[in-house]
file data.cif (mmCIF, C-alpha atoms)
data_query
#
loop_
_atom_site.label_atom_id
_atom_site.label_comp_id
_atom_site.auth_asym_id
_atom_site.auth_seq_id
_atom_site.Cartn_x
_atom_site.Cartn_y
_atom_site.Cartn_z
CA MET A 1 0.00 0.00 0.00
CA ASP A 2 1.50 3.36 -1.06
CA ARG A 3 0.07 5.30 1.85
CA ILE A 4 1.41 8.70 0.87
CA LYS A 5 -0.02 8.47 -2.63
CA LEU A 6 -3.32 7.14 -1.32
CA SER A 7 -3.74 9.75 1.39
CA ARG A 8 -2.94 12.59 -1.02
CA GLN A 9 -5.43 11.24 -3.51
CA LEU A 10 -8.07 11.15 -0.76
CA SER A 11 -7.28 14.78 0.12
CA ALA A 12 -7.62 15.82 -3.50
CA ILE A 13 -11.00 14.06 -3.72
CA GLU A 14 -12.11 15.61 -0.43
CA ASN A 15 -11.09 19.07 -1.64
CA GLY A 16 -12.92 18.59 -4.93
CA GLU A 17 -9.68 18.74 -6.94
CA SER A 18 -10.01 15.29 -8.48
CA SER A 19 -12.53 12.53 -8.80
CA ALA A 20 -12.53 9.14 -7.17
CA GLU A 21 -11.86 5.83 -8.83
CA TYR A 22 -14.85 3.53 -8.76
CA GLY A 23 -14.51 0.35 -6.74
CA GLU A 24 -16.97 -2.24 -5.58
CA GLY A 25 -17.12 -4.02 -2.27
CA PRO A 26 -18.65 -3.81 1.15
CA ILE A 27 -19.12 -0.33 2.63
CA VAL A 28 -20.51 -0.50 6.14
CA ALA A 29 -21.55 2.50 8.22
CA ILE A 30 -21.39 2.18 11.99
CA THR A 31 -23.54 4.72 13.74
CA GLY A 32 -25.08 5.36 17.12
CA PRO A 33 -25.14 7.89 19.94
CA PRO A 34 -21.95 9.55 21.23
CA GLY A 35 -20.02 7.47 23.76
CA ILE A 36 -21.80 4.21 22.95
CA GLY A 37 -18.50 2.60 21.93
CA LYS A 38 -18.40 2.82 18.15
CA SER A 39 -14.65 3.42 17.95
CA CYS A 40 -13.81 0.70 20.49
CA LEU A 41 -16.06 -1.75 18.67
CA ILE A 42 -14.39 -1.00 15.33
CA ASP A 43 -11.01 -1.41 17.02
CA LYS A 44 -11.99 -4.89 18.21
CA ILE A 45 -13.43 -5.81 14.80
CA LEU A 46 -10.11 -4.79 13.22
CA TYR A 47 -8.30 -7.19 15.57
CA GLU A 48 -10.45 -9.99 14.14
CA LEU A 49 -10.22 -9.11 10.46
CA THR A 50 -6.59 -8.10 10.04
CA PRO A 51 -3.97 -8.78 8.78
CA GLU A 52 -5.84 -11.26 6.52
CA LEU A 53 -8.04 -8.50 5.10
CA VAL A 54 -7.11 -4.98 4.11
CA VAL A 55 -9.54 -2.64 5.86
CA GLY A 56 -10.07 1.10 5.51
CA VAL A 57 -11.75 3.11 8.25
CA LEU A 58 -13.18 6.56 7.54
CA ALA A 59 -13.84 8.15 10.92
CA VAL A 60 -16.02 11.25 10.80
CA ASP A 61 -15.99 13.97 13.44
CA PRO A 62 -17.81 17.30 13.40
CA THR A 63 -16.46 20.56 11.99
CA SER A 64 -17.00 23.61 14.18
CA PRO A 65 -19.74 25.72 12.59
CA VAL A 66 -18.04 28.79 14.09
CA SER A 67 -14.36 28.44 13.15
CA GLY A 68 -14.54 25.84 10.38
CA GLY A 69 -11.89 23.85 12.24
CA ALA A 70 -12.24 20.38 13.68
CA LEU A 71 -10.74 18.21 16.39
CA LEU A 72 -10.53 14.68 15.05
CA GLY A 73 -10.02 12.32 17.95
CA ASP A 74 -11.20 8.88 16.86
CA ARG A 75 -7.69 7.57 16.33
CA ILE A 76 -6.93 7.47 20.03
CA ARG A 77 -9.25 4.44 20.41
CA PHE A 78 -7.52 2.33 17.79
CA ASN A 79 -5.19 0.23 19.93
CA VAL A 80 -4.98 -2.31 17.13
CA LEU A 81 -2.43 0.02 15.52
CA ASP A 82 0.02 -0.93 18.29
CA ASP A 83 0.30 -4.31 16.56
CA ALA A 84 2.68 -3.48 13.71
CA ASN A 85 1.70 -6.56 11.72
CA LYS A 86 -2.01 -5.75 11.78
CA ALA A 87 -1.41 -2.02 11.30
CA GLU A 88 0.10 -2.77 7.89
CA SER A 89 -3.28 -3.80 6.54
CA ILE A 90 -5.26 -1.00 8.17
CA TYR A 91 -5.75 2.50 6.84
CA ILE A 92 -7.53 4.95 9.12
CA ARG A 93 -8.48 8.38 7.92
CA SER A 94 -10.15 11.08 10.03
CA ILE A 95 -12.70 13.15 8.15
CA ALA A 96 -14.24 16.44 9.22
CA THR A 97 -17.87 17.08 8.27
CA ARG A 98 -16.83 20.49 6.80
CA SER A 99 -19.78 22.22 5.17
CA SER A 100 -22.13 19.25 5.16
CA GLY A 101 -25.20 19.56 7.32
CA GLY A 102 -25.50 16.02 8.59
CA SER A 103 -23.51 13.49 10.56
CA ILE A 104 -21.54 12.58 7.50
CA PRO A 105 -20.40 14.41 4.35
CA SER A 106 -21.43 12.88 1.03
CA ILE A 107 -17.84 12.85 -0.17
CA VAL A 108 -17.27 9.93 2.20
CA ASN A 109 -19.03 7.67 -0.29
CA GLU A 110 -16.50 8.61 -2.95
CA LEU A 111 -13.58 8.17 -0.57
CA ALA A 112 -14.85 4.69 0.32
CA SER A 113 -15.25 3.81 -3.35
CA HIS A 114 -11.72 5.00 -4.05
CA LEU A 115 -10.34 2.75 -1.29
CA LEU A 116 -12.22 -0.25 -2.70
CA ALA A 117 -10.76 0.51 -6.13
CA ASN A 118 -7.33 0.38 -4.51
CA ASP A 119 -7.57 -3.21 -3.30
CA PHE A 120 -9.27 -2.72 0.03
CA ASP A 121 -11.50 -5.62 1.09
CA LEU A 122 -13.79 -3.62 3.34
CA VAL A 123 -14.46 0.02 4.21
CA ILE A 124 -15.96 0.90 7.58
CA ILE A 125 -17.42 4.37 8.03
CA GLU A 126 -17.69 5.60 11.58
CA THR A 127 -20.22 8.41 11.79
CA VAL A 128 -20.36 11.33 14.15
CA GLY A 129 -22.20 10.32 17.31
CA ALA A 130 -25.75 10.51 16.06
CA GLY A 131 -29.27 10.55 17.39
CA GLN A 132 -32.20 8.46 16.29
CA SER A 133 -33.36 10.86 13.62
CA GLU A 134 -29.92 11.24 12.07
CA MET A 135 -30.23 9.06 9.02
CA ARG A 136 -27.68 10.67 6.78
CA CYS A 137 -25.33 7.69 6.94
CA ALA A 138 -27.86 5.83 4.81
CA ALA A 139 -26.82 8.04 1.93
CA VAL A 140 -23.18 6.97 1.96
CA ALA A 141 -23.30 3.28 2.87
CA ASP A 142 -25.48 0.44 1.70
CA ARG A 143 -25.08 -1.46 4.94
CA ILE A 144 -25.83 0.16 8.26
CA ILE A 145 -24.97 -1.08 11.72
CA VAL A 146 -26.61 0.81 14.57
CA VAL A 147 -24.90 0.55 17.94
CA GLU A 148 -27.07 0.82 21.03
CA GLY A 149 -26.32 0.27 24.68
CA PRO A 150 -27.68 0.05 28.18
CA ALA A 151 -28.43 2.99 30.43
CA ARG A 152 -29.84 5.06 27.61
CA GLY A 153 -32.94 5.89 29.61
CA ASP A 154 -36.47 4.55 29.51
CA SER A 155 -37.31 6.77 26.56
CA ILE A 156 -35.95 3.98 24.43
CA GLN A 157 -39.40 2.85 23.33
CA ALA A 158 -40.21 6.26 21.94
CA GLU A 159 -36.94 6.48 20.08
CA LYS A 160 -37.48 3.46 17.99
CA ALA A 161 -38.89 5.10 14.91
CA GLY A 162 -36.08 6.39 12.74
CA LEU A 163 -32.56 5.13 12.40
CA LEU A 164 -33.34 1.66 13.76
CA GLU A 165 -35.70 1.10 10.86
CA LEU A 166 -32.81 1.60 8.44
CA ALA A 167 -30.45 -0.69 10.32
CA ASP A 168 -29.29 -3.91 8.70
CA LEU A 169 -27.78 -5.02 12.00
CA ILE A 170 -28.26 -3.72 15.50
CA ILE A 171 -25.57 -4.17 18.10
CA VAL A 172 -26.25 -3.76 21.79
CA ASN A 173 -22.77 -2.87 23.01
CA LYS A 174 -21.46 -2.86 26.59
CA SER A 175 -23.08 -6.24 27.24
CA ASP A 176 -20.92 -6.44 30.36
CA LEU A 177 -23.00 -3.68 31.92
CA GLU A 178 -26.23 -4.10 33.80
CA GLY A 179 -29.32 -3.41 31.74
CA SER A 180 -27.94 -4.50 28.38
CA GLU A 181 -30.06 -7.65 28.34
CA LYS A 182 -33.16 -5.57 28.99
CA VAL A 183 -32.34 -3.29 26.06
CA PHE A 184 -31.68 -6.34 23.89
CA ASN A 185 -35.05 -7.86 24.80
CA GLU A 186 -36.94 -4.61 24.30
CA LEU A 187 -35.41 -4.09 20.87
CA THR A 188 -36.09 -7.70 19.89
CA ILE A 189 -39.76 -7.43 20.82
CA SER A 190 -40.22 -4.03 19.19
CA LEU A 191 -38.53 -4.96 15.93
CA SER A 192 -40.18 -8.36 15.68
CA LEU A 193 -43.27 -6.49 14.52
CA SER A 194 -41.54 -5.34 11.33
CA PRO A 195 -41.80 -7.55 8.20
CA ASP A 196 -38.06 -8.26 7.96
CA PRO A 197 -36.52 -7.47 11.34
CA PRO A 198 -32.78 -6.82 11.45
CA ARG A 199 -30.55 -9.11 13.41
CA ILE A 200 -29.70 -7.94 16.91
CA MET A 201 -26.47 -8.93 18.59
CA ARG A 202 -24.86 -8.22 21.94
CA THR A 203 -21.21 -7.26 22.18
CA SER A 204 -18.70 -6.04 24.69
CA ALA A 205 -15.49 -4.36 23.62
CA ILE A 206 -14.18 -5.00 27.14
CA ASP A 207 -14.66 -8.76 27.52
CA GLY A 208 -14.88 -9.58 23.80
CA THR A 209 -18.42 -10.98 23.82
CA GLY A 210 -19.90 -11.25 20.34
CA ILE A 211 -17.02 -9.49 18.58
CA SER A 212 -15.96 -12.43 16.40
CA ASP A 213 -19.59 -13.02 15.35
CA VAL A 214 -19.94 -9.39 14.27
CA ALA A 215 -16.61 -9.54 12.43
CA LYS A 216 -17.78 -12.61 10.52
CA LEU A 217 -21.13 -11.11 9.68
CA ILE A 218 -19.85 -7.69 8.62
CA LEU A 219 -18.49 -8.94 5.28
CA THR A 220 -21.67 -10.69 4.22
CA LEU A 221 -24.25 -8.41 5.78
CA GLU A 222 -27.33 -8.17 3.56
CA GLN A 223 -29.36 -5.08 2.98
CA ARG A 224 -32.88 -5.38 4.38
CA ALA A 225 -35.43 -5.07 1.61
CA SER A 226 -37.67 -2.74 3.60
CA SER A 227 -34.86 -0.22 4.09
CA ILE A 228 -33.87 0.23 0.46
CA ARG A 229 -36.45 2.88 -0.42
CA ALA A 230 -35.67 4.83 2.75
CA LYS A 231 -31.97 4.73 1.90
CA SER A 232 -32.66 6.01 -1.59
CA ARG A 233 -34.59 8.87 -0.04
CA GLN A 234 -31.55 9.85 2.02
CA LYS A 235 -29.33 9.73 -1.05
CA LEU A 236 -31.65 12.03 -2.92
CA LEU A 237 -31.87 14.48 -0.01
CA MET A 238 -28.12 14.52 0.37
CA ALA A 239 -27.57 15.15 -3.32
CA HIS A 240 -29.92 18.10 -3.10
CA GLU A 241 -28.14 19.54 -0.10
CA ASN A 242 -24.81 19.10 -1.87
CA LYS A 243 -26.06 21.06 -4.80
CA ILE A 244 -26.84 23.97 -2.50
CA VAL A 245 -23.70 23.79 -0.36
CA SER A 246 -21.40 23.50 -3.37
CA ASN A 247 -22.86 26.64 -4.95
CA PRO A 248 -19.98 29.13 -5.19
CA ASN A 249 -22.21 31.84 -3.74
CA PHE A 250 -23.18 29.80 -0.67
CA GLU A 251 -20.91 31.64 1.80
CA SER A 252 -21.72 35.09 0.48
CA ILE A 253 -25.44 34.34 0.62
CA LEU A 254 -25.00 33.17 4.22
CA ASP A 255 -23.37 36.52 4.98
CA ARG A 256 -26.25 38.36 3.38
CA ILE A 257 -28.79 36.36 5.41
CA SER A 258 -27.01 37.05 8.70
CA GLN A 259 -25.98 40.65 8.02
CA GLU A 260 -28.34 42.15 5.47
CA GLY A 261 -31.56 40.39 6.34
CA LEU A 262 -31.88 38.42 3.12
CA SER A 263 -34.84 36.10 3.60
CA ILE A 264 -34.49 32.33 3.47
CA PRO A 265 -36.94 31.83 0.55
CA GLU A 266 -35.07 34.48 -1.48
CA ALA A 267 -31.72 32.90 -0.62
CA LEU A 268 -33.01 29.51 -1.69
CA ARG A 269 -34.23 30.94 -4.98
CA GLU A 270 -30.79 32.43 -5.67
CA LEU A 271 -29.05 29.18 -4.77
CA ASN A 272 -31.30 27.12 -7.04
CA ASP A 273 -30.87 29.43 -10.04
CA MET P 1 -11.78 6.67 -13.60
CA ARG P 2 -8.15 7.57 -12.96
CA TYR P 3 -6.93 10.21 -10.60
CA ASN P 4 -5.40 12.97 -12.69
CA SER P 5 -1.87 13.64 -11.52
CA PRO P 6 -0.78 12.22 -8.18
CA GLN P 7 2.73 13.45 -8.87
CA ALA P 8 1.69 17.07 -8.87
CA LEU P 9 1.16 16.92 -5.13
CA HIS P 10 4.60 15.51 -4.41
CA THR P 11 6.75 17.89 -6.34
CA PRO P 12 8.62 20.83 -4.77
CA PRO P 13 8.16 23.50 -3.64
CA TYR P 14 6.98 21.71 -0.54
CA THR P 15 3.77 23.58 -0.15
CA ARG P 16 0.28 22.41 -0.85
CA GLY P 17 -2.67 24.58 -1.63
CA ASN P 18 -5.32 24.43 1.06
CA MET P 19 -8.64 26.20 0.85
CA GLY P 20 -8.81 29.29 3.03
CA GLY P 21 -5.51 28.44 4.73
CA ARG P 22 -7.03 25.44 6.50
CA GLN P 23 -4.32 22.93 7.36
CA ARG P 24 -4.44 19.36 8.57
CA ILE P 25 -2.31 19.19 11.72
CA VAL P 26 -1.36 16.16 13.80
CA ILE P 27 -0.87 16.85 17.50
CA ALA P 28 1.16 14.03 18.96
CA LYS P 29 2.42 12.88 22.33
CA PRO P 30 5.64 10.92 21.73
CA GLY P 31 7.32 9.15 24.59
CA LEU P 32 6.12 8.12 27.99
CA ASP P 33 4.86 11.17 29.83
CA GLY P 34 1.14 11.40 30.43
CA HIS P 35 0.80 15.17 30.56
CA ASP P 36 -1.65 15.93 27.80
CA ARG P 37 -3.25 19.16 29.03
CA GLY P 38 -0.95 21.31 26.90
CA ALA P 39 -1.38 19.16 23.79
CA LYS P 40 -5.16 19.31 24.13
CA ILE P 41 -5.14 23.08 24.60
CA VAL P 42 -2.99 23.54 21.51
CA ALA P 43 -5.27 21.17 19.58
CA ARG P 44 -8.27 23.20 20.68
CA ALA P 45 -6.60 26.51 19.77
CA LEU P 46 -5.76 25.25 16.29
CA ARG P 47 -9.31 23.98 15.88
CA ASP P 48 -10.63 27.39 16.86
CA GLY P 49 -8.20 28.87 14.34
CA GLY P 50 -10.01 26.94 11.62
CA HIS P 51 -7.64 24.00 11.18
CA GLU P 52 -8.37 20.29 11.14
CA VAL P 53 -6.52 18.74 14.04
CA ILE P 54 -5.88 15.02 14.49
CA TYR P 55 -4.97 14.08 18.04
CA THR P 56 -2.96 10.88 18.47
CA GLY P 57 -3.47 10.23 22.17
CA LEU P 58 -0.73 9.43 24.65
CA ARG P 59 2.47 7.43 24.41
CA ARG P 60 2.99 7.07 20.68
CA THR P 61 6.23 5.87 19.15
CA PRO P 62 7.97 8.01 16.50
CA SER P 63 7.05 5.49 13.80
CA GLN P 64 3.38 5.46 14.85
CA ILE P 65 3.34 9.24 14.68
CA VAL P 66 4.88 9.24 11.21
CA ARG P 67 2.33 6.64 10.08
CA THR P 68 -0.47 8.85 11.38
CA ILE P 69 0.88 11.89 9.52
CA MET P 70 1.10 9.77 6.38
CA ASP P 71 -2.42 8.31 6.59
CA GLU P 72 -4.00 11.61 7.55
CA ASP P 73 -2.15 13.63 4.90
CA ALA P 74 -1.21 16.22 7.51
CA ARG P 75 0.99 19.15 6.55
CA PHE P 76 2.01 19.96 10.14
CA VAL P 77 2.89 17.96 13.21
CA GLY P 78 3.06 19.38 16.70
CA LEU P 79 5.01 17.30 19.22
CA SER P 80 4.42 17.68 22.93
CA SER P 81 6.93 16.39 25.42
CA LEU P 82 7.28 17.01 29.14
CA SER P 83 9.43 14.00 29.94
CA GLY P 84 12.84 15.39 28.98
CA ALA P 85 13.20 12.96 26.08
CA HIS P 86 12.67 15.64 23.41
CA SER P 87 16.32 15.62 22.29
CA HIS P 88 15.92 12.01 21.27
CA LEU P 89 12.28 11.90 20.12
CA PHE P 90 11.94 15.09 18.05
CA PRO P 91 15.01 14.52 15.80
CA LYS P 92 14.01 10.86 15.41
CA ILE P 93 10.61 11.88 14.08
CA CYS P 94 12.21 14.41 11.69
CA GLU P 95 14.51 11.68 10.42
CA LEU P 96 11.67 9.18 9.91
CA LEU P 97 9.61 11.80 8.07
CA ARG P 98 12.47 12.41 5.63
CA GLU P 99 13.02 8.67 5.20
CA ALA P 100 9.32 8.22 4.41
CA GLY P 101 9.47 10.96 1.78
CA LEU P 102 7.28 13.33 3.79
CA ASP P 103 9.64 16.23 3.14
CA ASP P 104 6.92 18.85 3.07
CA VAL P 105 5.70 18.24 6.62
CA VAL P 106 6.42 21.11 9.02
CA VAL P 107 7.46 19.99 12.53
CA PHE P 108 6.98 22.08 15.65
CA GLY P 109 7.23 21.22 19.31
CA GLY P 110 6.33 22.28 22.78
CA GLY P 111 6.26 21.35 26.42
CA ILE P 112 9.19 21.66 28.78
CA ILE P 113 12.13 22.21 26.43
CA PRO P 114 15.12 24.02 28.01
CA GLU P 115 16.56 26.96 26.02
CA GLU P 116 19.94 25.24 25.68
CA ASP P 117 18.36 22.23 23.93
CA ARG P 118 16.53 24.23 21.30
CA GLN P 119 19.23 24.98 18.72
CA GLU P 120 19.91 21.29 18.35
CA LEU P 121 16.22 20.67 17.63
CA PHE P 122 16.12 23.51 15.08
CA ASP P 123 19.18 21.95 13.41
CA ALA P 124 17.32 18.63 13.24
CA GLY P 125 14.47 20.28 11.32
CA VAL P 126 12.04 21.45 14.01
CA LYS P 127 10.63 24.85 12.97
CA ALA P 128 9.32 26.19 16.28
CA ILE P 129 9.46 25.41 19.98
CA PHE P 130 6.67 26.75 22.17
CA GLY P 131 7.16 26.75 25.91
CA PRO P 132 4.86 27.57 28.81
CA GLY P 133 3.17 30.97 28.44
CA THR P 134 2.93 30.83 24.65
CA THR P 135 -0.29 32.40 23.43
CA SER P 136 -2.52 30.47 21.08
CA SER P 137 -2.44 33.37 18.64
CA GLU P 138 1.35 33.02 18.38
CA ILE P 139 0.98 29.35 17.39
CA LEU P 140 -1.63 30.30 14.79
CA GLU P 141 0.69 32.99 13.42
CA PHE P 142 3.45 30.42 13.15
CA VAL P 143 1.19 28.05 11.20
CA GLU P 144 0.22 30.85 8.85
CA GLU P 145 3.82 31.96 8.31
CA ALA P 146 5.12 28.40 7.86
CA SER P 147 2.29 27.62 5.41
CA SER P 148 3.54 30.35 3.13
CA ARG P 149 7.14 29.10 3.17
CA ASP P 150 8.87 26.08 1.70
CA CYS P 151 10.04 24.97 5.14
CA GLY P 152 9.11 21.29 5.44
CA VAL P 153 11.39 18.94 7.29
CA GLY P 154 13.15 18.01 4.05
CA SER P 155 13.76 21.56 2.82
CA ASP P 156 17.03 23.48 2.99
CA ASP P 157 15.35 26.50 4.55
CA ASP P 158 17.04 27.09 7.92
CA TRP P 159 14.35 29.54 8.99
CA HIS P 160 12.67 28.86 12.27
CA TRP P 161 10.09 30.71 14.34
CA GLY P 162 11.37 33.32 16.76
CA VAL P 163 14.55 34.34 14.95
#
call {"tool": "encode", "arguments": {"input": "data.cif", "output": "C-alpha cells"}}
result
Amino acid sequence: MDRIKLSRQLSAIENGESSAEYGEGPIVAITGPPGIGKSCLIDKILYELTPELVVGVLAVDPTSPVSGGALLGDRIRFNVLDDANKAESIYIRSIATRSSGGSIPSIVNELASHLLANDFDLVIIETVGAGQSEMRCAAVADRIIVVEGPARGDSIQAEKAGLLELADLIIVNKSDLEGSEKVFNELTISLSLSPDPPRIMRTSAIDGTGISDVAKLILTLEQRASSIRAKSRQKLLMAHENKIVSNPNFESILDRISQEGLSIPEALRELND
Amino acid sequence: MRYNSPQALHTPPYTRGNMGGRQRIVIAKPGLDGHDRGAKIVARALRDGGHEVIYTGLRRTPSQIVRTIMDEDARFVGLSSLSGAHSHLFPKICELLREAGLDDVVVFGGGIIPEEDRQELFDAGVKAIFGPGTTSSEILEFVEEASSRDCGVGSDDDWHWGV
C-alpha cells in the first residue's frame, strides 16, 4: 500500500480537486449515539479481520460551525495500531464534516469507493455520534450497523422510529454492563413487529463478547429489503443539499442572510438558479 | 476513472494549496509522559483557528506518529513532550519523516524544552518550539507563516520561528 499516494489522492477528492476511482465491495456505516462505543467496537473488529483482510476506516468527526476547524479524535481508540503486523493492513483516515449539514459528508461515499478501487477488502465508516433521527449515513453506505447500549434511559421505546428502521444489523454494546439484556429484549420485541426485522447482537469491547460473530457477519451483511427505499430517499436528499452547499455563492449568501436580512426563501431561490 | 496527476502533489516546492488556509495538523504525544493538558489546549486553539486537528493520544512511538501523519495527509505535526526525552524523540521523528518521503511536513514542538536544547532541535528540522506561556495566537501565526514558506522537514530553509 502506497500510503502517501493514497492519502494525497483522498485529500484531492475531499477538496474537490479530483474525482474518485470507482470500486466495488462492502461499505458498512457504523452509527449510534456519542459514547456508545463505536470506535472501540471498530477497534476490536479490526483485531479480528486483520492482517488477513485490508480494511479502511473513515472516521467522521464534526467541523465547528463557528471556526470551520475540527478536532478529530477517533484515532486514540484504535489500539490495534500498536500491533505493527495488523497495522500494515489498516488505513484509518479522520474526516471532518466540513460544510455538510448532517452526521456525514457525502464525499465519504466517494472516498470509500476510491479505497475499494485500490484493493481494500472492506471500508468501515464511523459516523459522528448521532441521534435516532440522524439518518444521513444511509446516503453513503449500503449497509448500516446501529450501535445501542444500556443505560440510555427509559425513553428507548419512543426512540425506535427512525434510524433503527434503516439498520441492517443492531448491536447492543457494553453487554458487560447491567441493563444490556433488557435493552436487547426490548429491541427484539419491538422490531419483531416489522416484516423483515434486522438481526440484533450483543457485544462487549471489554470482555470480547460477540465481537468475532460481528466480524464474521460484517463482510456478508445483507441489505434489508424494507430499508432500500428509505436509503434512496436519504441519497436524494443529500444530493440536493450538496447542490446547495457547493454553490460558489453559498458563503456570500449566508453573509447576506445574517448581516443584510436576506430572507431564506429568497436565498433559496438564488441558490437554485 | 483515474486520478489525474498524483505526482503534482509531491513535487517541490513543498507547499500544498489548502482552501482558506485550513491545514491538517497532527498533534502528537511521543514518549512516555502522560501530561496531555498542553497538547489538548494547543489542539483546541488550532481547531478554533479553523484547522483540522488530528490528536494521536498518549504514548505514541515516533514510527506510529509518522504513520499517522502519512495516513491523515497532515501538513504539520506538533510534538508535545514534558518527559525530557525531546532531544531524542523530536530529531528521530524528523529523520523518519524524511526517510518516508514526507519532506513537506512542518514539525513544531512544545512542552518543557530548556533553552539550551533548542538549537539542536532547530538543526534537526524542528521549525518552532513553544514553551509555557505561549499564546494560542502566536501558534496560529506560526502556522500561517510556515504555510507560506517552503520549510518542510526536508527543505534546505534554515528559517525557524522566533529568529
call {"tool": "residues_around", "arguments": {"input": "data.cif", "residues": "range 246-253 of chain A", "least_positions_apart": "5", "cutoff": "9 Å", "atoms": "only C-alpha atoms", "output": "list in words"}}
result
Ser99, Glu241, Ser258, Leu262, Ala267, Glu270, Leu271 and Asn272 of chain A
call {"tool": "residues_around", "arguments": {"input": "data.cif", "residues": "range 64-81 of chain A", "least_positions_apart": "2", "cutoff": "6 Å", "atoms": "all atoms listed in the file", "output": "mmCIF file with C-alpha atoms, in the coordinates of the input"}}
result
data_model
loop_
_atom_site.group_PDB
_atom_site.id
_atom_site.type_symbol
_atom_site.label_atom_id
_atom_site.label_comp_id
_atom_site.auth_asym_id
_atom_site.auth_seq_id
_atom_site.Cartn_x
_atom_site.Cartn_y
_atom_site.Cartn_z
ATOM 1 C CA CYS A 40 -13.810 0.700 20.490
ATOM 2 C CA ASP A 43 -11.010 -1.410 17.020
ATOM 3 C CA ASP A 61 -15.990 13.970 13.440
ATOM 4 C CA ASP A 83 0.300 -4.310 16.560
ATOM 5 C CA ALA A 87 -1.410 -2.020 11.300
ATOM 6 C CA ARG P 47 -9.310 23.980 15.880
ATOM 7 C CA ASP P 48 -10.630 27.390 16.860
ATOM 8 C CA GLY P 50 -10.010 26.940 11.620
ATOM 9 C CA HIS P 51 -7.640 24.000 11.180
ATOM 10 C CA GLU P 52 -8.370 20.290 11.140
ATOM 11 C CA VAL P 53 -6.520 18.740 14.040
ATOM 12 C CA ILE P 54 -5.880 15.020 14.490
ATOM 13 C CA TYR P 55 -4.970 14.080 18.040
ATOM 14 C CA THR P 56 -2.960 10.880 18.470
ATOM 15 C CA GLY P 57 -3.470 10.230 22.170
#
call {"tool": "atom_distance", "arguments": {"input": "data.cif", "atom1": "CA of Ala74 in chain P", "atom2": "CA of Leu116 in chain A"}}
result
22.3 Å
call {"tool": "residues_around", "arguments": {"input": "data.cif", "residues": "range 106-110 of chain A", "least_positions_apart": "4", "cutoff": "7 Å", "atoms": "all atoms listed in the file", "output": "list in words"}}
result
Glu14, Ala20, His114, Val140, Ala141 and Met238 of chain A
call {"tool": "atom_distance", "arguments": {"input": "data.cif", "atom1": "CA of Asp168 in chain A", "atom2": "CA of Glu134 in chain A"}}
result
15.5 Å
call {"tool": "residues_around", "arguments": {"input": "data.cif", "residues": "Arg118 in chain P", "least_positions_apart": "6", "cutoff": "12 Å", "atoms": "only C-alpha atoms", "output": "short mmCIF file (atom, residue, chain, number, x, y, z; two decimals) with C-alpha atoms, in the frame of the given file"}}
result
data_model
loop_
_atom_site.label_atom_id
_atom_site.label_comp_id
_atom_site.auth_asym_id
_atom_site.auth_seq_id
_atom_site.Cartn_x
_atom_site.Cartn_y
_atom_site.Cartn_z
CA HIS P 86 12.67 15.64 23.41
CA SER P 87 16.32 15.62 22.29
CA PHE P 90 11.94 15.09 18.05
CA PRO P 91 15.01 14.52 15.80
CA PHE P 108 6.98 22.08 15.65
CA GLY P 109 7.23 21.22 19.31
CA GLY P 110 6.33 22.28 22.78
CA GLY P 111 6.26 21.35 26.42
CA ILE P 112 9.19 21.66 28.78
CA ALA P 124 17.32 18.63 13.24
CA GLY P 125 14.47 20.28 11.32
CA VAL P 126 12.04 21.45 14.01
CA LYS P 127 10.63 24.85 12.97
CA ALA P 128 9.32 26.19 16.28
CA ILE P 129 9.46 25.41 19.98
CA PHE P 130 6.67 26.75 22.17
CA GLY P 131 7.16 26.75 25.91
CA HIS P 160 12.67 28.86 12.27
CA TRP P 161 10.09 30.71 14.34
CA GLY P 162 11.37 33.32 16.76
#
call {"tool": "resolve_selection", "arguments": {"input": "data.cif", "expression": "the PyMOL selection byres ((chain P and resi 85) around 10)", "output": "VMD selection string"}}
result
chain P and resid 30 to 33 81 to 84 86 to 90 112 to 113
call {"tool": "resolve_selection", "arguments": {"input": "data.cif", "expression": "the PyMOL selection byres ((chain A and resi 22) around 10)", "output": "ChimeraX atom specification"}}
result
/A:19-21,23-24,110-118 /P:1-2
call {"tool": "residues_around", "arguments": {"input": "data.cif", "residues": "Ala45 in chain P", "least_positions_apart": "4", "cutoff": "7 Å", "atoms": "all atoms listed in the file", "output": "PyMOL selection string"}}
result
chain P and resi 41+49+136
